[in-house]
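Reviewing the structure listed below.
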2 protein chains.
Amino acid sequence: MSARVNSALIRQINIARVFHALREHPESSQRDLGRLTGLDKATVSTVVAQLQDLRLVERSEQAKTRRVGRPETALTIPRSAGVLVGVRLEPTTIRVVTTTLTGEVLGHCQLPGSLDVKAALVTVRAVIDRELAEIGEGWASVRAIGVGVPGLMDRTGTLVLAPNLGWRDVPIRSTLEEMFDCPVAVDNDTKAAAIAERLFGLCRTVEDYVYVTGDSGVGGALVLGGRVYRGASGFAGEIGHTKVVPDGRLCGCGRRGCLETYVSEAAILRRLAEQGIDAADIHEVAELAVAGRPEVRALLEEVGRHLGFALSNIVNMLNPTLILLGGNLASVGAHIIPSLETALSEQALGPSAAGVRVRVSPLGEDAVPMGGIALALDCFLAPPRLSVPRG
Amino acid sequence: MSARVNSALIRQINIARVFHALREHPESSQRDLGRLTGLDKATVSTVVAQLQDLRLVERSEQAKTRRVGRPETALTIPRSAGVLVGVRLEPTTIRVVTTTLTGEVLGHCQLPGSLDVKAALVTVRAVIDRELAEIGEGWASVRAIGVGVPGLMDRTGTLVLAPNLGWRDVPIRSTLEEMFDCPVAVDNDTKAAAIAERLFGLCRTVEDYVYVTGDSGVGGALVLGGRVYRGASGFAGEIGHTKVVPDGRLCGCGRRGCLETYVSEAAILRRLAEQGIDAADIHEVAELAVAGRPEVRALLEEVGRHLGFALSNIVNMLNPTLILLGGNLASVGAHIIPSLETALSEQALGPSAAGVRVRVSPLGEDAVPMGGIALALDCFLAPPRLSVPRG
DNA sequence: CAAATTAGATAGACCATCGAACAAAAAACA
DNA sequence: TGTTTTTTGTTCGATGGTCTATCTAATTTG
């Protein structure tokens, strides 16, 4: 019993198409948008008119002239169209990013987090208030808010389980929506970060990729056919407990040799400590590697090898275009990619592996809040999913 | 530059929806179809009228009366609506199944295959001719033909590479379409079989599952969100070369310990032969197991263990609802499932593994030709994929 | 036999895309 | 300098969807 398929839906889809086309190709003319979306110029004309009514699009004053004929009038998504708010909600910190509707960052702000649900959500409000004041905007110009949370979400925006926060069955979305009187979207942090890469990062033209992140554990998200794949109950992408070493190190899950015991930030720090090397966080590890400490380099090389092994099976399985290292893995990306690629090409099978590239996320620290921005964008444009049952 | 989104497309989608609803719920009334598809009864009325014009739907003579009021008139997809043809094209045999438009099997037929492209395609025609004569139908009643091929297909219906056949760059679809003057769809055999399970088998209500088959090698197909997932270049689902035993048996791919060296029919027969047990094919192996031969049982238990290990990582990764054993694995399913499930529950992580079930394909021998039927159905209903770029 | 009830058909409102004709604005040209 | 050419963007009408509301048909109920 999916969404009704009628003309209103068509318009919604085409509005979203045109908007995204303009977001990706600023200063486009209606003719350009027609070419980009495959729509007739007459249709583009009415869609653009509607977007203008919504104050989402403006026409440039000066016209760009091509060779001959009436010059095109460039369209823009103006600053006055409003702002989007992206939130990363974590036990230790709550971080907010504001952007224009095109995704251009306006500012950041963060405050300490809380394990108490109520306190945390109040802090969310406080951070957003502060950030809005900073950039000189009011709540009225906020079009939508997107939140990335380290936990499992269901489809209605309820957080089912978040071990790190100690939360369970929290209706985050509806609570925040009442609090702010503004559209709110909530998703898992890693999945949100993966979507951010698709909209704003390296994957703008990539439909199939694997996003890997390693903080306390090793997380992952699969973007397949341009959308995040969630699996039957939302757990898809959990690669942390792939076995990479038979009878290897003991993992928190009770088994041995899980990827997570070798590749996460926590694991890296622990193993360095065992060798008497103290590093406070992954950035210090990266600095030590850059400085040329051989033990550190060797360890990171091993990390790359293990990760490459785990990814090789995934590559065989899913045949993605790209593997993207995000979160804390991004900081040490340069030091693990060589051995990772070697392991990958040794283990993965010809055709699937041949095309796959490995890259470091360019969004870095802000991947999750930018994922919030992506969610917000989706939610206020309300782009519907449409499919035929079966087939 | 995806398909144009206009009202004709809407009608196409809704026609396909109504047709599939009726296919799954025979003898439905228009009111039922409205409930099933979410469409208004007025819309259903016009859609059904159109389906009647296409001779795809007929109204039953007798009316089913509920408690009170005008009785419903049941609708059917009549036998006279035509037939579908499903083909399995293999080096050794070419097998054809004919069905009604609802997928009810009318008959089978097969002839020896050929490694020569031209000879094979001529044989396809011969088998279909013979089968049509058998069931007393003419070419005029064939609505569409679907073919499953052991090779890699591209989107246009060209076979890119088929090692077993020794073919490369064969435009199968267009060739057959010219030959038969009838819509033809072609897909990889394993992927076709997986789709058959979705339309006619165990997965009618399952959106996310993994289909595994083991003949000469170990193949697989992923059905994610109700559609076959193909990956960036069509290789998705290849699980045969997942490493399950470190420094294990040498594989044809040059590496060691690949799943394929333990789980395929060929591997099972070879390993039994090493123990001095002769079996001509997997069915004999199954018979030996049923008879209680301990070495055979032990080997199949090991097969289940290895397969379970490989699948555990996939389950963690994709969080599917179901794992389906097809092809030759189906014959020995009963003997490998226990150890497979044990391995799975030991290796896979709690939440993802908790829900997953393992089943044997009920379609058996005919899975691939029935996949052809599924392809044919899709292709003549032409259900379009529709999505918004991004998000 | 009339009233109530339900299924299905039909008409009209509404809205979508799209092709074609039209208006607008610039360069090119005589 | 005017006229033509060329290209962009708007508008109108055709076509064709879905949906609401109304109407007709066929049965049970009282």
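Every chain in the structure tokens has a letter given in the order shown (A, B, ...), and although residue numbers restart at 1 in each chain, ligands are simply numbered from 1 in the order shown.
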
Contacts of Leu349 (chain A) at 10 Å or less, counting only C-alpha atoms (C1' of nucleotides), minus same-chain residues fewer than 3 places along, as a ChimeraX atom specification? /A:312-313,315-317,319,344-346,352-354 /B:238,240-242,253-255

Would you export the selected residues with C-alpha atoms as an mmCIF file, in the first residue's frame, please?
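Now in out06.cif:
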```
data_model
loop_
_atom_site.group_PDB
_atom_site.id
_atom_site.type_symbol
_atom_site.label_atom_id
_atom_site.label_comp_id
_atom_site.auth_asym_id
_atom_site.auth_seq_id
_atom_site.Cartn_x
_atom_site.Cartn_y
_atom_site.Cartn_z
ATOM 1 C CA SER A 312 37.159 -7.495 -0.646
ATOM 2 C CA ASN A 313 34.247 -9.756 0.172
ATOM 3 C CA VAL A 315 33.289 -5.710 -3.258
ATOM 4 C CA ASN A 316 32.772 -9.179 -4.677
ATOM 5 C CA MET A 317 29.294 -9.138 -3.288
ATOM 6 C CA ASN A 319 30.312 -4.558 -7.032
ATOM 7 C CA LEU A 344 41.694 -5.524 -2.136
ATOM 8 C CA SER A 345 43.284 -6.339 -5.447
ATOM 9 C CA GLU A 346 44.734 -9.558 -4.065
ATOM 10 C CA SER A 352 34.238 -6.425 -9.561
ATOM 11 C CA ALA A 353 37.514 -5.214 -8.157
ATOM 12 C CA ALA A 354 38.842 -3.755 -11.363
ATOM 13 C CA GLU B 238 29.009 -13.082 -6.827
ATOM 14 C CA GLY B 240 31.560 -17.807 -4.937
ATOM 15 C CA HIS B 241 34.951 -16.350 -4.162
ATOM 16 C CA THR B 242 34.391 -15.310 -0.588
ATOM 17 C CA CYS B 253 40.605 -18.161 -9.602
ATOM 18 C CA GLY B 254 44.113 -18.725 -8.308
ATOM 19 C CA ARG B 255 43.383 -17.982 -4.690
#
```

Give one line per residue of chain C that approaches chain B to at most 12 Å, naming the two atoms of the closest pair and their distance in Å to one decimal, counting only C-alpha atoms (C1' of nucleotides); sort by chain then ascending residue number and deliver it as CSV.
```
residue,atom,partner,partner_atom,distance
C:DA3,C1',B:Gly69,CA,11.9
C:DA4,C1',B:Gly69,CA,8.3
C:DT5,C1',B:Gly69,CA,4.6
C:DT6,C1',B:Gly69,CA,4.1
C:DA7,C1',B:Arg70,CA,5.6
C:DG8,C1',B:Ser45,CA,7.4
C:DA9,C1',B:Ser45,CA,7.7
C:DT10,C1',B:Ala42,CA,9.1
C:DA11,C1',B:Ala42,CA,11.4
C:DC15,C1',B:Ser7,CA,10.4
C:DA16,C1',B:Ser7,CA,6.7
C:DT17,C1',B:Asn6,CA,5.5
C:DC18,C1',B:Asn6,CA,9.2
```

Could you list, as JSON, numbers by chain, every residue within 10 Å of DT4 (chain D), counting only C-alpha atoms (C1' of nucleotides) and ignoring same-chain residues fewer than 6 positions away? {"C": [28, 29, 30]}

Please save N, CA, C and O atoms (P, O5', C5', C4', C3', O3' and C1' of nucleotides) of the selected residues as a PDB file, in the first residue's frame.
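again.pdb was written with the following content:
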```
ATOM      1  P    DA C  28      26.986  38.225 -33.763  1.00  0.00           P
ATOM      2  O5'  DA C  28      26.148  38.296 -35.113  1.00  0.00           O
ATOM      3  C5'  DA C  28      25.272  37.224 -35.448  1.00  0.00           C
ATOM      4  C4'  DA C  28      24.695  37.449 -36.825  1.00  0.00           C
ATOM      5  C3'  DA C  28      25.677  38.021 -37.853  1.00  0.00           C
ATOM      6  O3'  DA C  28      25.495  37.330 -39.087  1.00  0.00           O
ATOM      7  C1'  DA C  28      23.790  39.447 -37.659  1.00  0.00           C
ATOM      8  P    DC C  29      26.476  37.615 -40.271  1.00  0.00           P
ATOM      9  O5'  DC C  29      25.537  38.486 -41.233  1.00  0.00           O
ATOM     10  C5'  DC C  29      24.168  38.114 -41.354  1.00  0.00           C
ATOM     11  C4'  DC C  29      23.405  39.184 -42.116  1.00  0.00           C
ATOM     12  C3'  DC C  29      24.239  39.900 -43.202  1.00  0.00           C
ATOM     13  O3'  DC C  29      23.461  40.004 -44.378  1.00  0.00           O
ATOM     14  C1'  DC C  29      23.207  41.475 -41.790  1.00  0.00           C
ATOM     15  P    DA C  30      24.177  40.105 -45.753  1.00  0.00           P
ATOM     16  O5'  DA C  30      23.294  41.185 -46.531  1.00  0.00           O
ATOM     17  C5'  DA C  30      21.887  41.046 -46.543  1.00  0.00           C
ATOM     18  C4'  DA C  30      21.233  42.409 -46.715  1.00  0.00           C
ATOM     19  C3'  DA C  30      21.844  43.264 -47.824  1.00  0.00           C
ATOM     20  O3'  DA C  30      20.815  43.850 -48.592  1.00  0.00           O
ATOM     21  C1'  DA C  30      21.901  44.458 -45.767  1.00  0.00           C
TER      22       DA C  30
END
```

Neighbours of Val184 (chain A) within 8 Å (only C-alpha atoms (C1' of nucleotides); same-chain residues fewer than 6 positions away dropped), as a list in words?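 Contacts, in chain order: Ala144, Ile145, Gly146, Val147, Arg173, Ser174, Leu176, Glu177, Ala376 and Cys379 of chain A.
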
Any chance you can output those residues with N, CA, C and O atoms as a PDB file, in the first residue's frame?
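New file result-v2.pdb:
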```
ATOM      1  N   ALA A 144      14.135  23.517   7.289  1.00  0.00           N
ATOM      2  CA  ALA A 144      14.027  22.164   7.834  1.00  0.00           C
ATOM      3  C   ALA A 144      15.275  21.837   8.630  1.00  0.00           C
ATOM      4  O   ALA A 144      16.325  22.483   8.470  1.00  0.00           O
ATOM      5  N   ILE A 145      15.148  20.844   9.498  1.00  0.00           N
ATOM      6  CA  ILE A 145      16.245  20.425  10.359  1.00  0.00           C
ATOM      7  C   ILE A 145      16.475  18.935  10.152  1.00  0.00           C
ATOM      8  O   ILE A 145      15.524  18.162  10.071  1.00  0.00           O
ATOM      9  N   GLY A 146      17.743  18.558  10.049  1.00  0.00           N
ATOM     10  CA  GLY A 146      18.064  17.133   9.919  1.00  0.00           C
ATOM     11  C   GLY A 146      19.049  16.728  10.999  1.00  0.00           C
ATOM     12  O   GLY A 146      19.983  17.470  11.306  1.00  0.00           O
ATOM     13  N   VAL A 147      18.840  15.552  11.574  1.00  0.00           N
ATOM     14  CA  VAL A 147      19.644  15.119  12.710  1.00  0.00           C
ATOM     15  C   VAL A 147      20.241  13.743  12.440  1.00  0.00           C
ATOM     16  O   VAL A 147      19.548  12.842  11.975  1.00  0.00           O
ATOM     17  N   ARG A 173      11.951  12.403  16.275  1.00  0.00           N
ATOM     18  CA  ARG A 173      11.473  13.267  15.207  1.00  0.00           C
ATOM     19  C   ARG A 173      10.244  14.061  15.643  1.00  0.00           C
ATOM     20  O   ARG A 173      10.218  15.291  15.521  1.00  0.00           O
ATOM     21  N   SER A 174       9.247  13.355  16.161  1.00  0.00           N
ATOM     22  CA  SER A 174       8.020  14.062  16.523  1.00  0.00           C
ATOM     23  C   SER A 174       8.280  15.037  17.667  1.00  0.00           C
ATOM     24  O   SER A 174       7.732  16.149  17.688  1.00  0.00           O
ATOM     25  N   LEU A 176      11.058  16.711  18.347  1.00  0.00           N
ATOM     26  CA  LEU A 176      11.719  17.911  17.833  1.00  0.00           C
ATOM     27  C   LEU A 176      10.778  18.720  16.949  1.00  0.00           C
ATOM     28  O   LEU A 176      10.838  19.960  16.941  1.00  0.00           O
ATOM     29  N   GLU A 177       9.930  18.031  16.213  1.00  0.00           N
ATOM     30  CA  GLU A 177       9.028  18.749  15.327  1.00  0.00           C
ATOM     31  C   GLU A 177       8.061  19.627  16.140  1.00  0.00           C
ATOM     32  O   GLU A 177       7.788  20.767  15.773  1.00  0.00           O
ATOM     33  N   ALA A 376      17.498  17.155   5.733  1.00  0.00           N
ATOM     34  CA  ALA A 376      16.596  18.302   5.792  1.00  0.00           C
ATOM     35  C   ALA A 376      16.136  18.683   4.390  1.00  0.00           C
ATOM     36  O   ALA A 376      14.953  18.944   4.149  1.00  0.00           O
ATOM     37  N   CYS A 379      13.685  16.275   3.163  1.00  0.00           N
ATOM     38  CA  CYS A 379      12.414  16.254   3.858  1.00  0.00           C
ATOM     39  C   CYS A 379      11.576  17.471   3.495  1.00  0.00           C
ATOM     40  O   CYS A 379      10.358  17.391   3.409  1.00  0.00           O
TER      41      CYS A 379
END
```

Quick check: residues of chain D within 10 Å of chain A, only C-alpha atoms (C1' of nucleotides), returned as a VMD selection string. chain D and resid 5 to 11 17 to 19

For DC12 (chain D), list every protein, DNA or RNA residue within 10 Å, evaluated using only C-alpha atoms (C1' of nucleotides), and leave out those in the same chain fewer than 5 positions away; present the list as a ChimeraX atom specification. /C:20-22

Selection above as a file: N, CA and C atoms (P, O5', C5', C4', C3', O3' and C1' of nucleotides), as an mmCIF file, in the first residue's frame:
```
data_model
loop_
_atom_site.group_PDB
_atom_site.id
_atom_site.type_symbol
_atom_site.label_atom_id
_atom_site.label_comp_id
_atom_site.auth_asym_id
_atom_site.auth_seq_id
_atom_site.Cartn_x
_atom_site.Cartn_y
_atom_site.Cartn_z
ATOM 1 P P DA C 20 4.538 19.984 -32.798
ATOM 2 O "O5'" DA C 20 3.790 21.398 -32.723
ATOM 3 C "C5'" DA C 20 2.387 21.421 -32.461
ATOM 4 C "C4'" DA C 20 1.917 22.863 -32.439
ATOM 5 C "C3'" DA C 20 2.676 23.787 -33.378
ATOM 6 O "O3'" DA C 20 1.782 24.754 -33.906
ATOM 7 C "C1'" DA C 20 2.900 24.575 -31.185
ATOM 8 P P DA C 21 2.183 25.634 -35.143
ATOM 9 O "O5'" DA C 21 1.708 27.080 -34.670
ATOM 10 C "C5'" DA C 21 0.474 27.197 -33.965
ATOM 11 C "C4'" DA C 21 0.532 28.395 -33.039
ATOM 12 C "C3'" DA C 21 1.096 29.658 -33.696
ATOM 13 O "O3'" DA C 21 0.268 30.761 -33.360
ATOM 14 C "C1'" DA C 21 2.248 29.205 -31.689
ATOM 15 P P DC C 22 0.534 32.195 -33.944
ATOM 16 O "O5'" DC C 22 1.210 32.952 -32.714
ATOM 17 C "C5'" DC C 22 0.553 32.917 -31.446
ATOM 18 C "C4'" DC C 22 1.425 33.607 -30.418
ATOM 19 C "C3'" DC C 22 2.083 34.899 -30.906
ATOM 20 O "O3'" DC C 22 1.803 35.937 -29.994
ATOM 21 C "C1'" DC C 22 3.672 33.507 -29.864
#
```

Go through region 182-307 of chain A and collect every residue that DSSP, computed from the backbone, puts in strand (DSSP E); the answer should be as a compact mmCIF listing (two decimals) with all heavy atoms, in the first residue's frame.
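Dumped everything to out.txt:
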```
# COMPACT_ATOMS: atom_id res chain seq x y z
N VAL A 184 11.32 18.15 10.55
CA VAL A 184 12.52 17.54 11.09
C VAL A 184 12.69 16.13 10.50
O VAL A 184 11.72 15.40 10.36
CB VAL A 184 12.44 17.43 12.63
CG1 VAL A 184 13.65 16.69 13.18
CG2 VAL A 184 12.33 18.80 13.26
N ALA A 185 13.93 15.81 10.13
CA ALA A 185 14.23 14.45 9.69
C ALA A 185 15.35 13.91 10.56
O ALA A 185 16.28 14.64 10.90
CB ALA A 185 14.66 14.45 8.22
N VAL A 186 15.25 12.64 10.92
CA VAL A 186 16.27 12.03 11.77
C VAL A 186 16.71 10.73 11.12
O VAL A 186 15.90 10.00 10.56
CB VAL A 186 15.73 11.74 13.18
CG1 VAL A 186 16.85 11.29 14.10
CG2 VAL A 186 15.03 12.95 13.75
N ASP A 187 18.00 10.47 11.18
CA ASP A 187 18.50 9.20 10.66
C ASP A 187 19.75 8.80 11.43
O ASP A 187 20.33 9.61 12.16
CB ASP A 187 18.80 9.32 9.15
CG ASP A 187 18.77 7.96 8.45
OD1 ASP A 187 18.80 6.92 9.14
OD2 ASP A 187 18.72 7.95 7.20
N ASN A 188 20.13 7.57 11.21
CA ASN A 188 21.38 7.07 11.77
C ASN A 188 22.55 7.94 11.29
O ASN A 188 22.57 8.39 10.15
CB ASN A 188 21.55 5.63 11.30
CG ASN A 188 22.92 5.08 11.61
OD1 ASN A 188 23.84 5.23 10.82
ND2 ASN A 188 23.07 4.49 12.76
N TYR A 209 28.01 2.93 -3.72
CA TYR A 209 29.27 2.98 -2.97
C TYR A 209 29.09 2.52 -1.54
O TYR A 209 27.98 2.38 -1.04
CB TYR A 209 29.86 4.39 -3.01
CG TYR A 209 28.97 5.49 -2.47
CD1 TYR A 209 29.09 5.92 -1.15
CD2 TYR A 209 28.04 6.11 -3.27
CE1 TYR A 209 28.30 6.94 -0.65
CE2 TYR A 209 27.24 7.12 -2.78
CZ TYR A 209 27.37 7.54 -1.48
OH TYR A 209 26.58 8.54 -0.99
N VAL A 210 30.25 2.25 -0.94
CA VAL A 210 30.27 1.79 0.45
C VAL A 210 30.97 2.86 1.27
O VAL A 210 32.07 3.29 0.92
CB VAL A 210 31.03 0.45 0.57
CG1 VAL A 210 31.07 0.00 2.01
CG2 VAL A 210 30.40 -0.60 -0.31
N TYR A 211 30.31 3.29 2.31
CA TYR A 211 30.89 4.31 3.19
C TYR A 211 31.31 3.63 4.47
O TYR A 211 30.51 2.94 5.11
CB TYR A 211 29.84 5.38 3.45
CG TYR A 211 30.30 6.53 4.30
CD1 TYR A 211 31.01 7.59 3.75
CD2 TYR A 211 30.02 6.57 5.66
CE1 TYR A 211 31.44 8.65 4.53
CE2 TYR A 211 30.43 7.62 6.45
CZ TYR A 211 31.15 8.66 5.88
OH TYR A 211 31.56 9.71 6.66
N VAL A 212 32.57 3.79 4.85
CA VAL A 212 33.09 3.11 6.03
C VAL A 212 33.60 4.15 7.02
O VAL A 212 34.28 5.10 6.64
CB VAL A 212 34.26 2.17 5.69
CG1 VAL A 212 34.65 1.36 6.89
CG2 VAL A 212 33.87 1.26 4.55
N THR A 213 33.29 3.94 8.28
CA THR A 213 33.75 4.87 9.28
C THR A 213 34.23 4.08 10.49
O THR A 213 33.75 2.99 10.77
CB THR A 213 32.60 5.81 9.67
OG1 THR A 213 33.03 6.66 10.70
CG2 THR A 213 31.39 5.04 10.15
N GLY A 214 35.22 4.59 11.17
CA GLY A 214 35.73 3.86 12.32
C GLY A 214 35.97 4.77 13.50
O GLY A 214 36.95 5.51 13.54
N VAL A 218 33.39 0.07 14.18
CA VAL A 218 33.49 0.30 12.74
C VAL A 218 32.07 0.26 12.18
O VAL A 218 31.36 -0.72 12.34
CB VAL A 218 34.34 -0.77 12.05
CG1 VAL A 218 34.31 -0.59 10.54
CG2 VAL A 218 35.76 -0.71 12.57
N GLY A 219 31.68 1.35 11.58
CA GLY A 219 30.34 1.40 11.02
C GLY A 219 30.40 1.49 9.51
O GLY A 219 31.46 1.69 8.91
N GLY A 220 29.28 1.33 8.90
CA GLY A 220 29.27 1.42 7.45
C GLY A 220 27.88 1.74 6.98
O GLY A 220 26.90 1.59 7.70
N ALA A 221 27.82 2.23 5.76
CA ALA A 221 26.52 2.46 5.13
C ALA A 221 26.66 2.10 3.67
O ALA A 221 27.71 2.31 3.07
CB ALA A 221 26.08 3.91 5.29
N LEU A 222 25.61 1.52 3.13
CA LEU A 222 25.62 1.13 1.73
C LEU A 222 24.70 2.07 0.96
O LEU A 222 23.54 2.23 1.33
CB LEU A 222 25.09 -0.30 1.57
CG LEU A 222 25.72 -1.34 2.49
CD1 LEU A 222 25.02 -2.68 2.29
CD2 LEU A 222 27.20 -1.45 2.20
N VAL A 223 25.24 2.67 -0.06
CA VAL A 223 24.38 3.43 -0.96
C VAL A 223 24.30 2.65 -2.26
O VAL A 223 25.29 2.46 -2.94
CB VAL A 223 24.92 4.85 -1.20
CG1 VAL A 223 24.06 5.59 -2.21
CG2 VAL A 223 24.95 5.61 0.12
N LEU A 224 23.12 2.13 -2.53
CA LEU A 224 22.93 1.25 -3.68
C LEU A 224 21.88 1.85 -4.60
O LEU A 224 20.79 2.17 -4.16
CB LEU A 224 22.47 -0.13 -3.20
CG LEU A 224 23.31 -0.77 -2.09
CD1 LEU A 224 22.74 -2.12 -1.70
CD2 LEU A 224 24.75 -0.92 -2.52
N ARG A 227 20.43 5.31 -3.34
CA ARG A 227 19.76 5.48 -2.06
C ARG A 227 20.44 4.63 -1.00
O ARG A 227 21.01 3.60 -1.30
CB ARG A 227 18.29 5.05 -2.10
CG ARG A 227 17.61 4.97 -3.42
CD ARG A 227 16.13 4.76 -3.19
NE ARG A 227 15.55 5.99 -2.68
CZ ARG A 227 14.82 6.83 -3.44
NH1 ARG A 227 14.56 6.53 -4.68
NH2 ARG A 227 14.35 7.94 -2.93
N VAL A 228 20.32 5.09 0.23
CA VAL A 228 20.84 4.30 1.33
C VAL A 228 20.02 3.03 1.45
O VAL A 228 18.79 3.06 1.44
CB VAL A 228 20.76 5.09 2.65
CG1 VAL A 228 21.02 4.16 3.82
CG2 VAL A 228 21.76 6.22 2.65
N TYR A 229 20.71 1.92 1.54
CA TYR A 229 20.01 0.65 1.72
C TYR A 229 19.97 0.31 3.20
O TYR A 229 20.99 0.36 3.89
CB TYR A 229 20.72 -0.45 0.94
CG TYR A 229 20.03 -1.78 1.11
CD1 TYR A 229 18.75 -1.97 0.61
CD2 TYR A 229 20.63 -2.82 1.80
CE1 TYR A 229 18.09 -3.16 0.79
CE2 TYR A 229 19.98 -4.02 1.97
CZ TYR A 229 18.71 -4.18 1.46
OH TYR A 229 18.06 -5.37 1.65
```

Picked from region 68-304 of chain A by DSSP as alpha helix (DSSP H), as a PyMOL selection string: chain A and resi 117-135+172-180+189-200+260-263+265-274+282-291+294-304
